[in-house]
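Content type compact mmCIF, C-alpha atoms and all ligand atoms, from the file protein10.txt:
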```
# COMPACT_ATOMS: atom_id res chain seq x y z
CA MET A 1 114.37 -98.70 20.41
CA SER A 2 115.80 -101.15 22.95
CA ASP A 3 115.61 -104.93 22.81
CA ASN A 4 113.99 -105.06 26.26
CA LYS A 5 110.76 -107.04 26.41
CA GLY A 6 108.12 -107.93 28.95
CA VAL A 7 106.90 -106.75 32.32
CA LEU A 8 108.74 -107.85 35.47
CA VAL A 9 107.12 -107.53 38.90
CA TYR A 10 109.24 -107.41 42.05
CA GLY A 11 107.43 -109.86 44.30
CA GLU A 12 107.28 -109.37 48.05
CA ILE A 13 106.70 -112.21 50.44
CA ILE A 14 105.18 -111.52 53.84
CA GLU A 15 105.10 -114.31 56.40
CA GLY A 16 105.65 -116.92 53.71
CA LYS A 17 102.94 -115.68 51.37
CA LEU A 18 102.83 -113.46 48.32
CA SER A 19 101.90 -109.98 49.51
CA GLY A 20 98.60 -108.36 48.54
CA THR A 21 100.55 -105.54 46.88
CA THR A 22 102.37 -108.04 44.67
CA ALA A 23 99.05 -109.59 43.63
CA GLU A 24 97.86 -106.08 42.67
CA LEU A 25 101.06 -105.47 40.67
CA LEU A 26 100.59 -108.78 38.87
CA GLY A 27 96.98 -107.85 38.07
CA CYS A 28 98.11 -104.55 36.59
CA GLY A 29 101.18 -106.11 34.94
CA ARG A 30 98.98 -108.72 33.25
CA LYS A 31 97.03 -106.00 31.46
CA LEU A 32 100.19 -104.08 30.44
CA ALA A 33 101.86 -107.27 29.18
CA SER A 34 98.75 -108.19 27.15
CA ASP A 35 98.61 -104.68 25.64
CA LEU A 36 102.26 -105.07 24.62
CA GLY A 37 101.77 -108.68 23.49
CA GLN A 38 104.60 -109.66 25.82
CA GLU A 39 105.27 -111.83 28.85
CA LEU A 40 104.55 -111.06 32.50
CA SER A 41 107.13 -112.36 34.94
CA ALA A 42 107.83 -111.98 38.65
CA VAL A 43 111.01 -112.15 40.66
CA LEU A 44 110.92 -113.68 44.14
CA ALA A 45 114.03 -113.08 46.20
CA GLY A 46 114.54 -114.35 49.72
CA SER A 47 115.36 -117.42 51.74
CA GLY A 48 113.08 -120.44 51.34
CA VAL A 49 110.85 -118.63 48.85
CA SER A 50 110.63 -121.26 46.09
CA SER A 51 107.29 -122.52 47.39
CA VAL A 52 105.69 -119.14 46.72
CA ALA A 53 106.34 -119.31 42.95
CA GLN A 54 103.05 -121.10 42.25
CA GLU A 55 101.15 -118.32 44.08
CA ALA A 56 102.69 -115.78 41.71
CA ILE A 57 101.68 -117.88 38.71
CA ALA A 58 98.13 -118.22 40.08
CA ALA A 59 98.10 -114.41 40.44
CA GLY A 60 98.96 -113.91 36.75
CA ALA A 61 102.71 -114.42 36.15
CA ASP A 62 103.80 -116.41 33.07
CA LYS A 63 107.23 -116.95 34.51
CA VAL A 64 108.75 -116.65 37.97
CA TYR A 65 112.44 -116.03 38.61
CA VAL A 66 113.37 -117.41 42.00
CA VAL A 67 116.49 -116.21 43.80
CA ASP A 68 116.63 -118.38 46.91
CA ASP A 69 119.62 -117.72 49.13
CA ALA A 70 120.10 -117.76 52.91
CA GLN A 71 121.84 -114.36 52.63
CA LEU A 72 118.53 -112.90 51.43
CA LYS A 73 116.66 -113.90 54.59
CA ASP A 74 116.10 -110.27 55.59
CA TYR A 75 115.61 -107.32 53.28
CA GLN A 76 118.83 -105.32 52.97
CA THR A 77 119.32 -102.61 50.42
CA GLY A 78 122.76 -103.72 49.18
CA SER A 79 121.99 -107.39 48.62
CA TYR A 80 118.53 -106.85 47.15
CA VAL A 81 119.65 -104.13 44.73
CA ALA A 82 122.47 -106.41 43.59
CA VAL A 83 120.07 -109.30 43.03
CA MET A 84 117.53 -107.15 41.19
CA GLU A 85 120.27 -105.68 39.00
CA LYS A 86 121.44 -109.18 38.13
CA VAL A 87 117.92 -110.42 37.33
CA ALA A 88 117.04 -107.31 35.32
CA LYS A 89 120.22 -107.60 33.22
CA GLN A 90 119.46 -111.26 32.54
CA VAL A 91 115.72 -110.85 31.85
CA MET A 92 115.94 -107.44 30.09
CA PRO A 93 112.35 -106.37 30.81
CA GLN A 94 110.78 -103.31 29.25
CA ILE A 95 108.93 -102.45 32.47
CA ILE A 96 109.72 -103.20 36.13
CA LEU A 97 106.90 -102.77 38.67
CA LEU A 98 107.44 -102.46 42.43
CA GLY A 99 105.12 -101.53 45.28
CA GLN A 100 105.12 -97.97 46.66
CA ASN A 101 106.17 -99.07 50.14
CA SER A 102 109.36 -98.93 52.17
CA VAL A 103 111.03 -101.66 50.08
CA GLY A 104 109.89 -100.39 46.68
CA ARG A 105 110.84 -96.80 47.49
CA ASP A 106 114.26 -97.97 48.60
CA LEU A 107 114.90 -100.31 45.70
CA ALA A 108 113.41 -98.57 42.66
CA PRO A 109 115.64 -95.47 42.37
CA ARG A 110 118.83 -97.41 43.14
CA LEU A 111 117.94 -100.11 40.65
CA ALA A 112 117.05 -97.54 37.99
CA PHE A 113 120.39 -95.81 38.52
CA ARG A 114 122.32 -99.05 38.16
CA LEU A 115 120.42 -99.89 34.98
CA GLY A 116 121.02 -96.42 33.52
CA THR A 117 117.34 -95.53 33.45
CA ALA A 118 114.79 -93.54 35.48
CA ALA A 119 112.27 -94.45 38.17
CA VAL A 120 108.84 -92.88 38.59
CA LEU A 121 107.49 -93.39 42.09
CA ASP A 122 103.98 -93.53 43.54
CA CYS A 123 102.00 -94.11 40.36
CA ILE A 124 98.24 -94.45 40.62
CA ALA A 125 97.49 -95.38 36.99
CA LEU A 126 99.51 -97.07 34.25
CA ALA A 127 98.67 -97.54 30.59
CA ILE A 128 100.45 -98.41 27.37
CA ASP A 129 100.33 -95.59 24.84
CA ALA A 130 98.77 -97.11 21.72
CA GLY A 131 101.12 -95.30 19.33
CA SER A 132 104.54 -95.26 21.00
CA LYS A 133 103.97 -98.42 23.11
CA ARG A 134 105.63 -96.54 25.99
CA LEU A 135 104.29 -96.70 29.52
CA GLN A 136 102.18 -93.73 30.60
CA GLN A 137 102.76 -93.31 34.31
CA THR A 138 100.23 -91.20 36.20
CA LYS A 139 101.15 -89.91 39.65
CA PRO A 140 99.76 -87.28 42.02
CA VAL A 141 101.79 -84.08 42.24
CA TYR A 142 101.59 -80.87 44.29
CA GLY A 143 100.53 -82.81 47.38
CA GLY A 144 97.73 -84.59 45.54
CA ASN A 145 96.20 -81.43 44.04
CA ALA A 146 97.05 -82.42 40.46
CA GLN A 147 98.12 -85.46 38.48
CA ALA A 148 101.00 -85.64 36.02
CA ILE A 149 101.59 -88.25 33.33
CA TYR A 150 105.22 -89.25 32.84
CA THR A 151 106.88 -91.33 30.15
CA THR A 152 110.42 -92.67 30.37
CA ASP A 153 112.56 -92.73 27.23
CA THR A 154 114.91 -95.44 28.45
CA ASP A 155 114.31 -99.10 29.29
CA PRO A 156 113.52 -100.65 31.63
CA GLN A 157 110.82 -98.23 32.73
CA VAL A 158 110.98 -98.60 36.53
CA VAL A 159 107.80 -97.72 38.39
CA THR A 160 106.44 -97.99 41.92
CA VAL A 161 102.68 -98.30 42.28
CA ARG A 162 100.58 -97.11 45.19
CA ALA A 163 98.79 -99.87 47.15
CA LYS A 164 95.09 -100.53 46.54
CA VAL A 165 94.84 -98.64 43.26
CA MET A 166 95.23 -101.74 41.06
CA GLU A 167 92.98 -104.78 41.06
CA PRO A 168 94.50 -108.22 41.64
CA LEU A 169 93.23 -111.07 39.45
CA ALA A 170 91.17 -113.80 41.08
CA PRO A 171 93.83 -116.43 41.93
CA ASP A 172 93.70 -119.35 39.48
CA ILE A 173 95.59 -122.32 40.87
CA SER A 174 95.22 -124.19 37.58
CA ARG A 175 97.35 -121.58 35.72
CA LYS A 176 100.63 -122.93 34.41
CA GLY A 177 103.89 -121.03 34.29
CA ASP A 178 107.63 -121.53 34.25
CA VAL A 179 109.87 -121.29 37.28
CA VAL A 180 113.48 -120.29 36.63
CA ASN A 181 116.06 -120.45 39.41
CA ILE A 182 118.73 -117.76 39.39
CA ASP A 183 121.82 -117.92 41.53
CA ALA A 184 122.06 -114.84 43.78
CA GLY A 185 125.83 -114.71 43.20
CA LEU A 186 126.20 -112.46 46.23
CA ASP A 187 129.58 -111.42 47.44
CA ALA A 188 129.15 -111.57 51.24
CA SER A 189 131.80 -108.89 51.74
CA ALA A 190 129.71 -106.45 49.69
CA ILE A 191 126.85 -106.65 52.20
CA LYS A 192 127.48 -103.70 54.43
CA THR A 193 124.56 -103.90 56.84
CA LYS A 194 123.22 -106.50 59.22
CA VAL A 195 119.67 -106.84 60.58
CA LEU A 196 120.04 -106.98 64.36
CA GLU A 197 116.43 -106.98 65.44
CA LYS A 198 112.94 -106.82 63.97
CA VAL A 199 110.21 -104.99 65.86
CA LYS A 200 106.67 -105.78 64.82
CA GLU A 201 104.24 -102.89 65.02
CA GLU A 202 101.36 -103.72 67.38
CA VAL A 203 98.11 -103.11 65.56
CA ARG A 204 94.74 -103.13 67.21
CA GLY A 205 92.21 -104.27 64.62
CA VAL A 206 92.87 -103.59 60.97
CA LYS A 207 96.05 -101.89 59.71
CA LEU A 208 95.66 -98.28 58.58
CA GLU A 209 96.87 -99.05 55.06
CA ASP A 210 94.47 -102.01 54.72
CA ALA A 211 91.38 -100.38 56.21
CA THR A 212 88.35 -99.83 54.00
CA VAL A 213 87.16 -97.11 56.41
CA VAL A 214 89.53 -94.65 58.09
CA VAL A 215 88.35 -92.20 60.75
CA SER A 216 91.01 -89.51 61.13
CA GLY A 217 91.36 -86.76 63.69
CA GLY A 218 93.34 -83.56 63.63
CA ARG A 219 94.37 -80.74 65.91
CA GLY A 220 90.69 -79.84 66.27
CA ILE A 221 90.15 -82.97 68.36
CA GLY A 222 92.01 -81.17 71.13
CA GLY A 223 93.53 -84.09 73.04
CA PRO A 224 93.95 -87.87 73.32
CA GLU A 225 90.51 -88.43 74.96
CA GLY A 226 88.71 -87.38 71.78
CA PHE A 227 90.43 -90.17 69.85
CA ALA A 228 88.50 -92.74 71.93
CA GLN A 229 85.33 -91.45 70.27
CA LEU A 230 86.93 -91.71 66.85
CA ARG A 231 87.93 -95.27 67.68
CA GLU A 232 84.32 -96.10 68.58
CA LEU A 233 83.17 -94.97 65.13
CA ALA A 234 86.05 -96.74 63.38
CA ASP A 235 85.24 -99.98 65.24
CA LEU A 236 81.65 -99.88 63.98
CA PHE A 237 83.02 -99.97 60.44
CA LYS A 238 85.80 -102.44 61.38
CA GLY A 239 88.07 -99.63 60.25
CA ALA A 240 91.20 -97.87 61.51
CA VAL A 241 91.91 -94.56 63.21
CA GLY A 242 94.22 -92.13 61.43
CA ALA A 243 95.48 -88.67 62.31
CA SER A 244 97.01 -85.48 61.02
CA ARG A 245 100.58 -84.60 61.93
CA PRO A 246 99.81 -82.22 64.81
CA ALA A 247 97.73 -84.93 66.53
CA CYS A 248 100.71 -87.30 66.30
CA ASP A 249 103.26 -84.63 67.22
CA ASN A 250 101.19 -83.90 70.35
CA GLU A 251 101.28 -87.64 71.14
CA TRP A 252 97.49 -87.90 71.19
CA ILE A 253 97.89 -90.97 68.97
CA PRO A 254 100.99 -92.98 67.89
CA ASP A 255 102.81 -91.52 64.92
CA THR A 256 102.34 -94.82 63.05
CA GLN A 257 98.79 -93.53 62.45
CA GLN A 258 99.83 -90.32 60.67
CA VAL A 259 98.28 -89.84 57.25
CA GLY A 260 99.95 -87.62 54.69
CA LEU A 261 103.06 -86.67 52.85
CA THR A 262 105.35 -87.72 55.69
CA GLY A 263 102.90 -90.28 57.04
CA LYS A 264 101.01 -93.13 55.44
CA ILE A 265 99.09 -93.12 52.21
CA VAL A 266 95.66 -94.61 52.65
CA THR A 267 93.18 -95.63 49.96
CA PRO A 268 89.98 -96.54 51.82
CA GLU A 269 86.43 -96.65 50.47
CA LEU A 270 85.53 -94.03 53.08
CA TYR A 271 87.73 -91.42 54.79
CA ILE A 272 86.17 -89.43 57.62
CA ALA A 273 88.24 -86.34 58.48
CA ILE A 274 87.36 -84.76 61.83
CA GLY A 275 88.89 -81.49 63.03
CA ILE A 276 91.35 -81.56 60.13
CA SER A 277 91.85 -78.40 58.06
CA GLY A 278 92.81 -80.23 54.85
CA ALA A 279 96.38 -78.98 54.31
CA SER A 280 97.90 -80.29 51.08
CA GLN A 281 100.44 -82.35 53.05
CA HIS A 282 97.57 -84.19 54.73
CA ILE A 283 95.52 -84.58 51.55
CA ALA A 284 98.58 -86.16 49.87
CA GLY A 285 97.92 -89.19 52.07
CA CYS A 286 94.18 -89.56 51.56
CA SER A 287 93.37 -88.13 48.13
CA SER A 288 92.83 -91.63 46.72
CA ALA A 289 89.98 -92.35 49.14
CA LYS A 290 86.83 -93.22 47.16
CA MET A 291 84.66 -91.04 49.40
CA MET A 292 85.54 -88.35 51.91
CA VAL A 293 83.34 -86.95 54.68
CA ALA A 294 84.51 -83.97 56.74
CA ILE A 295 83.41 -82.58 60.09
CA ASN A 296 84.86 -79.13 60.79
CA LYS A 297 83.59 -76.03 62.56
CA ASP A 298 85.10 -73.70 59.95
CA PRO A 299 82.96 -73.53 56.80
CA GLU A 300 85.98 -72.14 54.91
CA ALA A 301 88.25 -75.08 55.81
CA ASN A 302 90.01 -76.53 52.76
CA ILE A 303 88.86 -80.03 53.70
CA PHE A 304 85.40 -79.13 52.39
CA ARG A 305 86.92 -78.64 48.93
CA GLU A 306 88.18 -82.24 49.05
CA ALA A 307 85.20 -83.93 50.73
CA GLN A 308 82.07 -85.09 48.93
CA TYR A 309 80.03 -84.67 52.14
CA GLY A 310 80.63 -82.30 54.99
CA VAL A 311 79.14 -81.17 58.29
CA VAL A 312 79.97 -77.66 59.54
CA GLY A 313 79.97 -77.83 63.32
CA ASP A 314 81.75 -78.72 66.52
CA TRP A 315 82.76 -82.37 66.29
CA LYS A 316 81.89 -82.87 69.97
CA LYS A 317 78.26 -82.22 69.08
CA VAL A 318 78.21 -83.80 65.62
CA LEU A 319 80.15 -87.02 66.23
CA PRO A 320 77.96 -88.62 68.93
CA ALA A 321 74.85 -88.21 66.75
CA PHE A 322 76.78 -89.40 63.67
CA THR A 323 78.06 -92.49 65.51
CA LYS A 324 74.60 -93.24 66.92
CA LYS A 325 73.08 -93.11 63.42
CA VAL A 326 75.82 -95.32 61.95
CA LYS A 327 75.22 -97.82 64.79
CA GLU A 328 71.49 -97.86 64.05
CA LEU A 329 72.04 -98.31 60.33
CA LEU A 330 74.63 -101.05 60.74
CA THR A 331 72.73 -103.02 63.35
CA GLY A 332 69.39 -102.54 61.59
C1 LIG A 401 107.18 -81.05 54.86
C2 LIG A 401 105.86 -81.16 55.58
C3 LIG A 401 105.30 -82.41 55.69
C4 LIG A 401 104.06 -82.54 56.33
N1 LIG A 401 103.50 -83.79 56.40
C5 LIG A 401 102.27 -83.91 56.95
C6 LIG A 401 101.62 -85.17 56.97
O1 LIG A 401 102.15 -86.20 56.56
N2 LIG A 401 100.38 -85.22 57.50
C7 LIG A 401 99.72 -84.12 58.00
O2 LIG A 401 98.59 -84.25 58.45
N3 LIG A 401 100.34 -82.93 57.99
C8 LIG A 401 101.60 -82.80 57.50
N4 LIG A 401 102.20 -81.59 57.53
C9 LIG A 401 101.56 -80.50 58.28
C10 LIG A 401 100.49 -79.79 57.47
O3 LIG A 401 101.07 -78.75 56.73
C11 LIG A 401 99.42 -79.18 58.39
O4 LIG A 401 100.05 -78.31 59.31
C12 LIG A 401 98.63 -80.21 59.16
O5 LIG A 401 98.11 -81.19 58.29
C13 LIG A 401 97.48 -79.53 59.88
O6 LIG A 401 96.87 -80.47 60.71
P1 LIG A 401 95.38 -80.23 61.21
O7 LIG A 401 94.49 -80.10 60.04
O8 LIG A 401 95.10 -81.31 62.18
O9 LIG A 401 95.52 -78.90 62.05
P2 LIG A 401 95.00 -77.42 61.73
O10 LIG A 401 95.48 -76.97 60.40
O11 LIG A 401 95.33 -76.61 62.91
O12 LIG A 401 93.42 -77.59 61.61
C14 LIG A 401 92.59 -77.93 62.68
C15 LIG A 401 91.17 -77.88 62.14
O13 LIG A 401 90.29 -78.30 63.15
C16 LIG A 401 89.13 -77.50 63.08
N5 LIG A 401 88.52 -77.53 64.42
C17 LIG A 401 89.02 -76.99 65.55
N6 LIG A 401 88.19 -77.26 66.59
C18 LIG A 401 87.16 -77.98 66.06
C19 LIG A 401 85.98 -78.53 66.62
N7 LIG A 401 85.73 -78.47 67.93
N8 LIG A 401 85.13 -79.20 65.80
C20 LIG A 401 85.39 -79.31 64.47
N9 LIG A 401 86.48 -78.77 63.89
C21 LIG A 401 87.36 -78.14 64.68
C22 LIG A 401 89.61 -76.14 62.67
O14 LIG A 401 88.57 -75.41 62.05
C23 LIG A 401 90.73 -76.50 61.69
O15 LIG A 401 90.25 -76.56 60.36
C24 LIG A 401 103.42 -81.42 56.89
C25 LIG A 401 104.01 -80.16 56.77
C26 LIG A 401 105.22 -80.04 56.14
C27 LIG A 401 105.83 -78.68 55.99
```
Can you dump the structure from the file as structure tokens?
Amino acid sequence: MSDNKGVLVYGEIIEGKLSGTTAELLGCGRKLASDLGQELSAVLAGSGVSSVAQEAIAAGADKVYVVDDAQLKDYQTGSYVAVMEKVAKQVMPQIILLGQNSVGRDLAPRLAFRLGTAAVLDCIALAIDAGSKRLQQTKPVYGGNAQAIYTTDTDPQVVTVRAKVMEPLAPDISRKGDVVNIDAGLDASAIKTKVLEKVKEEVRGVKLEDATVVVSGGRGIGGPEGFAQLRELADLFKGAVGASRPACDNEWIPDTQQVGLTGKIVTPELYIAIGISGASQHIAGCSSAKMMVAINKDPEANIFREAQYGVVGDWKKVLPAFTKKVKELLTG
């Protein structure tokens, strides 16, 4: 039994504000900390981030560790791992939660290694085992076809959590918490990389990862023109257009829109898969959708095993009628 105590959330700040993912982690962390009878804290690392501490407290943190240093202006693996290692060794949490995104995936395994523990990535459910008080970490395996529950014997238990699977708390600006400043103590010579340029992805409408409705097309769409029709349907729902890998590889749609194992993981309320066979590598990116509708001309396509509703037919015939009906229903 280690002396580690509490739940520590790695807080991300996007354009000066606490990220939605961090609010979700704090919502989930609050429940875990209560079940353990321990404290929930957050760490905010960056340059000029002190002002965000109150947002983290409003989102559920009892304590916020702030590491404010000009050298942390941009995310860099070396400096951020060093800072997180320092904070974790000082705070000695039992659990560390990070988002399952490019930063969390980069940081979590390195941090776990430095702390002599293990990291479990891409969890979709977390619970405290009533008997052992260890964290039960549920994650999809076999491309989303099954779920496995992991426990880690060593502390801290380092976990990344998929976006949109945890509920944030309603922000409470009257909540009180402590803010503790920690010196980054960075050795500039140890920082091996330099950010030269940042390129912001142009997004028309809502981002794929944030969309509550995703209309995705696959090889069956046959070319870039078909995606204009998918866009029309997505726009009706104020949603986003996604794609399978072949559609991106064929440059029918930018590869930023790829859903799946090597693409993005989406968790919309509704996922409409059109001309997509439902390969496990694709399903890995959309299996957390609350509802799936498939349009495919092959009645044997695997996508029908995943979807709650399906239409067997040529999408060119089905989609116009589908879109027309949605338009009627939405506009009354
Ligand atoms: C390591 C690895 C990683 C991968 N990562 C990803 C990933 O991230 N995302 C991903 O998507 N794939 C990924 N893949 C590829 C994956 O295995 C599949 O090859 C891919 O998902 C198939 O895409 P598809 O369903 O669009 O094409 P297909 O499998 O060719 O299916 C096309 C479907 O369209 C239907 N269709 C054809 N014409 C019509 C029509 N007119 N109307 C209606 N239906 C029609 C067909 O019946 C068929 O079911 C990965 C593969 C590997 C090995």
Enumerate, as a ChimeraX atom specification, the protein, DNA and RNA residues whose atoms approach (95.3, -115.1, 43.5) to within 8 Å, taking into account all atoms listed in the file and the coordinate frame of the file. /A:23,55-56,58-60,168-173
Within 7 Å of ligand LIG 401 (chain A): each chain A residue with its shortest pair, all atoms listed in the file, as a Markdown table:
```
| residue | atom | partner | partner_atom | distance |
| --- | --- | --- | --- | --- |
| A:Gly217 | CA | A:LIG401 | O8 | 6.8 |
| A:Gly218 | CA | A:LIG401 | O8 | 3.2 |
| A:Arg219 | CA | A:LIG401 | O8 | 3.8 |
| A:Gly220 | CA | A:LIG401 | C17 | 3.4 |
| A:Ile221 | CA | A:LIG401 | C18 | 6.3 |
| A:Ala243 | CA | A:LIG401 | O2 | 6.6 |
| A:Ser244 | CA | A:LIG401 | O2 | 3.3 |
| A:Arg245 | CA | A:LIG401 | O2 | 4.0 |
| A:Pro246 | CA | A:LIG401 | O6 | 5.3 |
| A:Ala247 | CA | A:LIG401 | O8 | 6.2 |
| A:Gln258 | CA | A:LIG401 | N2 | 6.0 |
| A:Val259 | CA | A:LIG401 | N2 | 5.1 |
| A:Gly260 | CA | A:LIG401 | O1 | 3.2 |
| A:Leu261 | CA | A:LIG401 | O1 | 3.8 |
| A:Thr262 | CA | A:LIG401 | O1 | 3.6 |
| A:Gly263 | CA | A:LIG401 | O1 | 4.2 |
| A:Ile274 | CA | A:LIG401 | C20 | 6.4 |
| A:Gly275 | CA | A:LIG401 | O13 | 3.5 |
| A:Ile276 | CA | A:LIG401 | O7 | 3.5 |
| A:Ser277 | CA | A:LIG401 | O15 | 3.4 |
| A:Gly278 | CA | A:LIG401 | O7 | 5.5 |
| A:Ala279 | CA | A:LIG401 | O5 | 4.9 |
| A:Ser280 | CA | A:LIG401 | O3 | 6.7 |
| A:Gln281 | CA | A:LIG401 | C5 | 4.6 |
| A:His282 | CA | A:LIG401 | O2 | 3.9 |
| A:Gly285 | CA | A:LIG401 | O1 | 6.9 |
| A:Ile295 | CA | A:LIG401 | C20 | 5.8 |
| A:Asn296 | CA | A:LIG401 | N9 | 3.5 |
| A:Lys297 | CA | A:LIG401 | N9 | 4.2 |
| A:Asp298 | CA | A:LIG401 | O14 | 4.4 |
| A:Ala301 | CA | A:LIG401 | O15 | 5.2 |
| A:Gly313 | CA | A:LIG401 | C20 | 5.7 |
| A:Asp314 | CA | A:LIG401 | N8 | 3.5 |
| A:Trp315 | CA | A:LIG401 | N8 | 4.0 |
| A:Lys316 | CA | A:LIG401 | N7 | 6.2 |
```
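Atom to atom, CA of Pro299 in chain A and CA of Val312 in chain A stand 5.8 Å apart.
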What lies within 12 Å of Glu328 in chain A using all atoms listed in the file, ignoring chain neighbours under 6 positions off, as a list in words?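 Within the cut-off, the hits are Leu236, Ala321 and Phe322 of chain A.
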List every residue of range 161-213 of chain A that has an atom at most 10 Å from any atom of range 37-48 of chain A, and for each one report the closest atom pair and its distance in Å to one decimal, counting only C-alpha atoms, with rows sorted by chain and then by increasing residue number, as JSON lines.
```
{"residue": "A:Gly177", "atom": "CA", "partner": "A:Ser41", "partner_atom": "CA", "distance": 9.3}
{"residue": "A:Asp178", "atom": "CA", "partner": "A:Ser41", "partner_atom": "CA", "distance": 9.2}
{"residue": "A:Val179", "atom": "CA", "partner": "A:Ala42", "partner_atom": "CA", "distance": 9.6}
{"residue": "A:Val180", "atom": "CA", "partner": "A:Val43", "partner_atom": "CA", "distance": 9.4}
{"residue": "A:Asn181", "atom": "CA", "partner": "A:Leu44", "partner_atom": "CA", "distance": 9.7}
{"residue": "A:Ile182", "atom": "CA", "partner": "A:Ala45", "partner_atom": "CA", "distance": 9.5}
{"residue": "A:Ala184", "atom": "CA", "partner": "A:Ala45", "partner_atom": "CA", "distance": 8.6}
```
Excluding range 131-133 of chain A and residues on its chain fewer than 6 positions from it, collect all residues at most 12 Å away from it, counting all atoms listed in the file, and give them as a PyMOL selection string. chain A and resi 1+5-6+32-38+94-95+151-153+157
Given the choices A:Ile303, A:Val214, A:Thr323, A:Ile124, which gets closest to Glu167 in chain A if the distance is worked out from all atoms listed in the file?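 The answer is A:Ile124, which sits nearest to Glu167 in chain A.
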